[in-house]
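Written out below as structure tokens is the structure these notes cover.
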Amino acid sequence: MSEEALNDINQFLTFTLGREIFALDIGTVREVLELTSITKIPRTPGFMRGVINLRGHAVPVVDMRMKLGMSKGEDTVDTCIIIVEIEFDGEITVMGALVDSVREVFEMMPDSIEPAPKMGAAVNAEYIRGMGRQDEKFIIILDINKIFSAEELALVKGMSKEQDGGQEEAA
């Protein structure tokens, strides 16, 4: 494989929500954590599970099932928190995405990613970067930077600062 072709390979972290398989660009993923204690924050949207302590910093956690309009699931031993970096107003916002389970890092060539379908997907098509395929199963590739509105990201950023005591996270 040529050097140029190697650079065109996309790597994705695959995870499940219900019976569906989703993926995030590995470049947006910082780490994957086992489910830990989540502190609920009053008067936040239903999809906000709360905050976790990540090495001394408060990181907001979003229930991806709820955010994507799916039914609320039960936490299990496979439930994980994917720590992601989202670009907002030229800054990186760190947040946790609660998922049913994490599967693997999966490589796909750009030409094997199809555009998002206009209907029939369980998820709003504007959040979908494309559809991939692994064996006989479809993988819904999400664009983490489009899932949250500016207002939601401002809320998340505010939650982090409030819980950290107003200190900025040194990146």
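Starting from 1 in every chain, residues are counted up; chains themselves are A, B, ... following the order of the structure tokens, and ligands are numbered from 1 as listed.
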
Fill in: Non-local contacts of region 71-82 of chain A (7 Å; only C-alpha atoms; under 3 positions in same chain excluded) as a ChimeraX atom specification
/A:29,31-35,65-66,96-102

I need the chosen residues saved as a short mmCIF file (atom, residue, chain, number, x, y, z; two decimals), in the first residue's frame, with all heavy atoms.
data_model
loop_
_atom_site.label_atom_id
_atom_site.label_comp_id
_atom_site.auth_asym_id
_atom_site.auth_seq_id
_atom_site.Cartn_x
_atom_site.Cartn_y
_atom_site.Cartn_z
N VAL A 29 -11.25 10.96 20.11
CA VAL A 29 -11.31 10.17 21.34
C VAL A 29 -10.02 10.33 22.14
O VAL A 29 -8.94 10.12 21.62
CB VAL A 29 -11.55 8.67 21.02
CG1 VAL A 29 -11.51 7.83 22.29
CG2 VAL A 29 -12.88 8.49 20.30
N GLU A 31 -9.76 8.92 25.56
CA GLU A 31 -9.60 7.65 26.27
C GLU A 31 -10.97 7.03 26.52
O GLU A 31 -12.00 7.66 26.32
CB GLU A 31 -8.85 7.85 27.59
CG GLU A 31 -9.54 8.76 28.59
CD GLU A 31 -8.68 9.06 29.81
OE1 GLU A 31 -8.39 8.11 30.57
OE2 GLU A 31 -8.30 10.23 29.98
N VAL A 32 -10.94 5.77 26.96
CA VAL A 32 -12.16 5.04 27.31
C VAL A 32 -12.05 4.63 28.77
O VAL A 32 -11.02 4.09 29.19
CB VAL A 32 -12.36 3.79 26.42
CG1 VAL A 32 -13.59 3.01 26.86
CG2 VAL A 32 -12.46 4.19 24.96
N LEU A 33 -13.10 4.91 29.55
CA LEU A 33 -13.11 4.59 30.98
C LEU A 33 -14.22 3.60 31.30
O LEU A 33 -15.27 3.60 30.65
CB LEU A 33 -13.38 5.85 31.80
CG LEU A 33 -12.48 7.06 31.58
CD1 LEU A 33 -13.03 8.25 32.36
CD2 LEU A 33 -11.06 6.75 31.99
N GLU A 34 -13.98 2.78 32.31
CA GLU A 34 -15.07 1.95 32.84
C GLU A 34 -16.06 2.91 33.50
O GLU A 34 -15.70 4.02 33.91
CB GLU A 34 -14.53 0.98 33.88
CG GLU A 34 -13.68 -0.12 33.30
CD GLU A 34 -13.20 -1.10 34.36
OE1 GLU A 34 -13.56 -0.94 35.56
OE2 GLU A 34 -12.45 -2.01 33.99
N LEU A 35 -17.30 2.47 33.64
CA LEU A 35 -18.31 3.29 34.29
C LEU A 35 -17.87 3.58 35.72
O LEU A 35 -17.44 2.69 36.44
CB LEU A 35 -19.67 2.58 34.29
CG LEU A 35 -20.83 3.38 34.88
CD1 LEU A 35 -21.06 4.66 34.10
CD2 LEU A 35 -22.09 2.53 34.87
N ARG A 65 -27.48 7.58 24.47
CA ARG A 65 -28.80 7.04 24.10
C ARG A 65 -29.83 8.17 24.16
O ARG A 65 -30.63 8.35 23.24
CB ARG A 65 -29.23 5.94 25.06
CG ARG A 65 -28.64 4.60 24.79
CD ARG A 65 -29.09 3.65 25.91
NE ARG A 65 -29.00 2.28 25.52
CZ ARG A 65 -30.02 1.56 25.05
NH1 ARG A 65 -31.21 2.09 24.93
NH2 ARG A 65 -29.84 0.31 24.71
N MET A 66 -29.84 8.91 25.27
CA MET A 66 -30.82 9.98 25.46
C MET A 66 -30.58 11.11 24.47
O MET A 66 -31.52 11.67 23.90
CB MET A 66 -30.76 10.50 26.89
CG MET A 66 -31.02 9.45 27.96
SD MET A 66 -32.67 8.76 27.90
CE MET A 66 -33.61 10.12 28.53
N GLY A 96 -17.55 13.45 28.47
CA GLY A 96 -17.70 12.01 28.44
C GLY A 96 -18.98 11.62 27.72
O GLY A 96 -20.00 12.27 27.87
N ALA A 97 -18.89 10.56 26.92
CA ALA A 97 -20.04 10.03 26.21
C ALA A 97 -20.33 8.64 26.77
O ALA A 97 -19.52 7.72 26.61
CB ALA A 97 -19.76 9.96 24.72
N LEU A 98 -21.46 8.49 27.46
CA LEU A 98 -21.84 7.22 28.06
C LEU A 98 -22.44 6.32 26.98
O LEU A 98 -23.39 6.71 26.31
CB LEU A 98 -22.86 7.45 29.17
CG LEU A 98 -23.24 6.24 30.00
CD1 LEU A 98 -22.12 5.92 30.98
CD2 LEU A 98 -24.52 6.50 30.76
N VAL A 99 -21.85 5.13 26.80
CA VAL A 99 -22.30 4.19 25.78
C VAL A 99 -22.52 2.81 26.41
O VAL A 99 -21.99 2.52 27.48
CB VAL A 99 -21.31 4.11 24.61
CG1 VAL A 99 -21.13 5.48 23.95
CG2 VAL A 99 -19.96 3.55 25.04
N ASP A 100 -23.28 1.96 25.72
CA ASP A 100 -23.58 0.63 26.25
C ASP A 100 -22.34 -0.25 26.31
O ASP A 100 -22.15 -0.99 27.28
CB ASP A 100 -24.65 -0.06 25.40
CG ASP A 100 -26.01 0.62 25.54
OD1 ASP A 100 -26.19 1.45 26.44
OD2 ASP A 100 -26.90 0.29 24.73
N SER A 101 -21.51 -0.21 25.28
CA SER A 101 -20.26 -0.96 25.28
C SER A 101 -19.35 -0.42 24.19
O SER A 101 -19.82 0.15 23.21
CB SER A 101 -20.50 -2.46 25.05
OG SER A 101 -20.97 -2.70 23.74
N VAL A 102 -18.05 -0.60 24.40
CA VAL A 102 -17.06 -0.23 23.39
C VAL A 102 -16.61 -1.51 22.72
O VAL A 102 -16.38 -2.52 23.39
CB VAL A 102 -15.87 0.53 24.02
CG1 VAL A 102 -14.73 0.68 23.04
CG2 VAL A 102 -16.32 1.88 24.52
#

Practice prompt. Skip region 126-133 of chain A itself and residues of its chain fewer than 6 positions away, then list as an MDAnalysis selection string all residues within 10 Å of it, counting only C-alpha atoms.
Written response: chainID A and resid 21:25 68 108:118 139:148

Give me a file of those residues, with N, CA, C and O atoms, as a compact mmCIF listing (two decimals), in the first residue's frame.
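Saved result, result_9.txt, follows:
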# COMPACT_ATOMS: atom_id res chain seq x y z
N ILE A 21 -24.69 -0.27 16.03
CA ILE A 21 -23.25 -0.03 16.15
C ILE A 21 -22.96 1.37 15.63
O ILE A 21 -23.38 1.74 14.52
N PHE A 22 -22.24 2.15 16.43
CA PHE A 22 -21.87 3.50 16.07
C PHE A 22 -20.35 3.62 16.08
O PHE A 22 -19.66 2.75 16.61
N ALA A 23 -19.85 4.70 15.52
CA ALA A 23 -18.40 4.91 15.51
C ALA A 23 -18.11 6.40 15.62
O ALA A 23 -18.89 7.25 15.19
N LEU A 24 -16.97 6.69 16.24
CA LEU A 24 -16.44 8.05 16.32
C LEU A 24 -15.04 8.04 15.73
O LEU A 24 -14.28 7.07 15.93
N ASP A 25 -14.67 9.12 15.05
CA ASP A 25 -13.30 9.25 14.54
C ASP A 25 -12.35 9.15 15.72
O ASP A 25 -12.52 9.85 16.73
N LEU A 68 -29.35 11.00 21.53
CA LEU A 68 -29.71 10.62 20.17
C LEU A 68 -31.17 10.20 20.03
O LEU A 68 -31.58 9.68 19.00
N MET A 108 -11.28 2.06 8.10
CA MET A 108 -12.08 2.08 6.87
C MET A 108 -11.45 3.02 5.87
O MET A 108 -11.00 4.11 6.24
N MET A 109 -11.44 2.62 4.63
CA MET A 109 -10.99 3.49 3.55
C MET A 109 -12.11 4.50 3.28
O MET A 109 -13.29 4.14 3.36
N PRO A 110 -11.76 5.74 2.97
CA PRO A 110 -12.80 6.76 2.72
C PRO A 110 -13.83 6.34 1.67
O PRO A 110 -15.01 6.66 1.79
N ASP A 111 -13.41 5.61 0.64
CA ASP A 111 -14.36 5.23 -0.42
C ASP A 111 -15.33 4.14 0.02
O ASP A 111 -16.29 3.84 -0.69
N SER A 112 -15.11 3.56 1.20
CA SER A 112 -16.04 2.54 1.70
C SER A 112 -17.08 3.16 2.65
O SER A 112 -17.92 2.46 3.19
N ILE A 113 -17.02 4.48 2.84
CA ILE A 113 -17.99 5.18 3.69
C ILE A 113 -19.04 5.82 2.80
O ILE A 113 -18.72 6.62 1.92
N GLU A 114 -20.28 5.42 3.01
CA GLU A 114 -21.39 5.94 2.21
C GLU A 114 -22.00 7.15 2.90
O GLU A 114 -21.93 7.28 4.12
N PRO A 115 -22.66 8.04 2.13
CA PRO A 115 -23.33 9.19 2.75
C PRO A 115 -24.45 8.71 3.67
O PRO A 115 -24.99 7.61 3.51
N ALA A 116 -24.82 9.57 4.61
CA ALA A 116 -25.90 9.25 5.55
C ALA A 116 -27.22 9.13 4.80
O ALA A 116 -27.49 9.91 3.89
N PRO A 117 -28.04 8.16 5.18
CA PRO A 117 -29.36 8.04 4.53
C PRO A 117 -30.25 9.20 4.94
O PRO A 117 -30.09 9.75 6.02
N LYS A 118 -31.18 9.55 4.10
CA LYS A 118 -32.08 10.67 4.38
C LYS A 118 -33.18 10.30 5.35
O LYS A 118 -33.73 11.14 6.02
N ILE A 139 -22.39 0.33 10.26
CA ILE A 139 -21.84 1.13 11.35
C ILE A 139 -22.21 2.57 11.06
O ILE A 139 -21.91 3.10 9.97
N ILE A 140 -22.89 3.22 12.01
CA ILE A 140 -23.29 4.61 11.86
C ILE A 140 -22.14 5.47 12.39
O ILE A 140 -21.83 5.43 13.59
N ILE A 141 -21.49 6.20 11.49
CA ILE A 141 -20.35 7.03 11.88
C ILE A 141 -20.87 8.41 12.26
O ILE A 141 -21.42 9.12 11.42
N LEU A 142 -20.70 8.76 13.54
CA LEU A 142 -21.19 10.04 14.06
C LEU A 142 -20.15 11.13 13.91
O LEU A 142 -18.95 10.87 13.99
N ASP A 143 -20.60 12.36 13.73
CA ASP A 143 -19.73 13.53 13.75
C ASP A 143 -19.93 14.19 15.11
O ASP A 143 -20.92 14.89 15.33
N ILE A 144 -19.02 13.94 16.04
CA ILE A 144 -19.17 14.41 17.42
C ILE A 144 -19.29 15.93 17.48
O ILE A 144 -19.95 16.47 18.37
N ASN A 145 -18.70 16.65 16.52
CA ASN A 145 -18.77 18.12 16.53
C ASN A 145 -20.14 18.65 16.12
O ASN A 145 -20.41 19.83 16.28
N LYS A 146 -21.02 17.79 15.56
CA LYS A 146 -22.35 18.24 15.14
C LYS A 146 -23.47 17.75 16.05
O LYS A 146 -24.61 18.15 15.89
N ILE A 147 -23.16 16.87 16.99
CA ILE A 147 -24.20 16.30 17.85
C ILE A 147 -24.74 17.32 18.84
O ILE A 147 -25.91 17.31 19.18
N PHE A 148 -23.89 18.23 19.28
CA PHE A 148 -24.28 19.18 20.31
C PHE A 148 -24.41 20.58 19.73
O PHE A 148 -23.59 21.02 18.95

Item to complete: Do a neighbour search on region 60-63 of chain A at 10 Å with only C-alpha atoms, toss out local chain neighbours closer than 3 positions, and write the hits as a PyMOL selection string.
Response: chain A and resi 38-41+45-54+57+66-68+70+72-73+81-83+93-100+155-160+163

Discussion item. Residues of region 97-139 of chain A classed as helix (DSSP H, G or I) by DSSP on the backbone are to be reported as a PyMOL selection string.
Written reply: chain A and resi 110-112+125-127

Practice prompt. Please provide the set of residues having any atom within 9 Å of Gly27 (chain A), restricted to only C-alpha atoms, with same-chain residues fewer than 5 positions apart removed, written as a PyMOL selection string.
Written response: chain A and resi 11-12+84-85

Worksheet entry | Expected answer as a VMD selection string: strand (DSSP E or B) residues in chain A | chain A and resid 10 to 17 20 to 25 29 to 34 39 48 to 54 57 to 63 80 to 88 91 to 99 101 to 108 114 128 to 134 137 to 142

Discussion item. Taking only C-alpha atoms into account, name the residue in A:Val59, A:Val105, A:Met64, A:Ile92 that is nearest to Leu17 (chain A).
Written reply: A:Met64
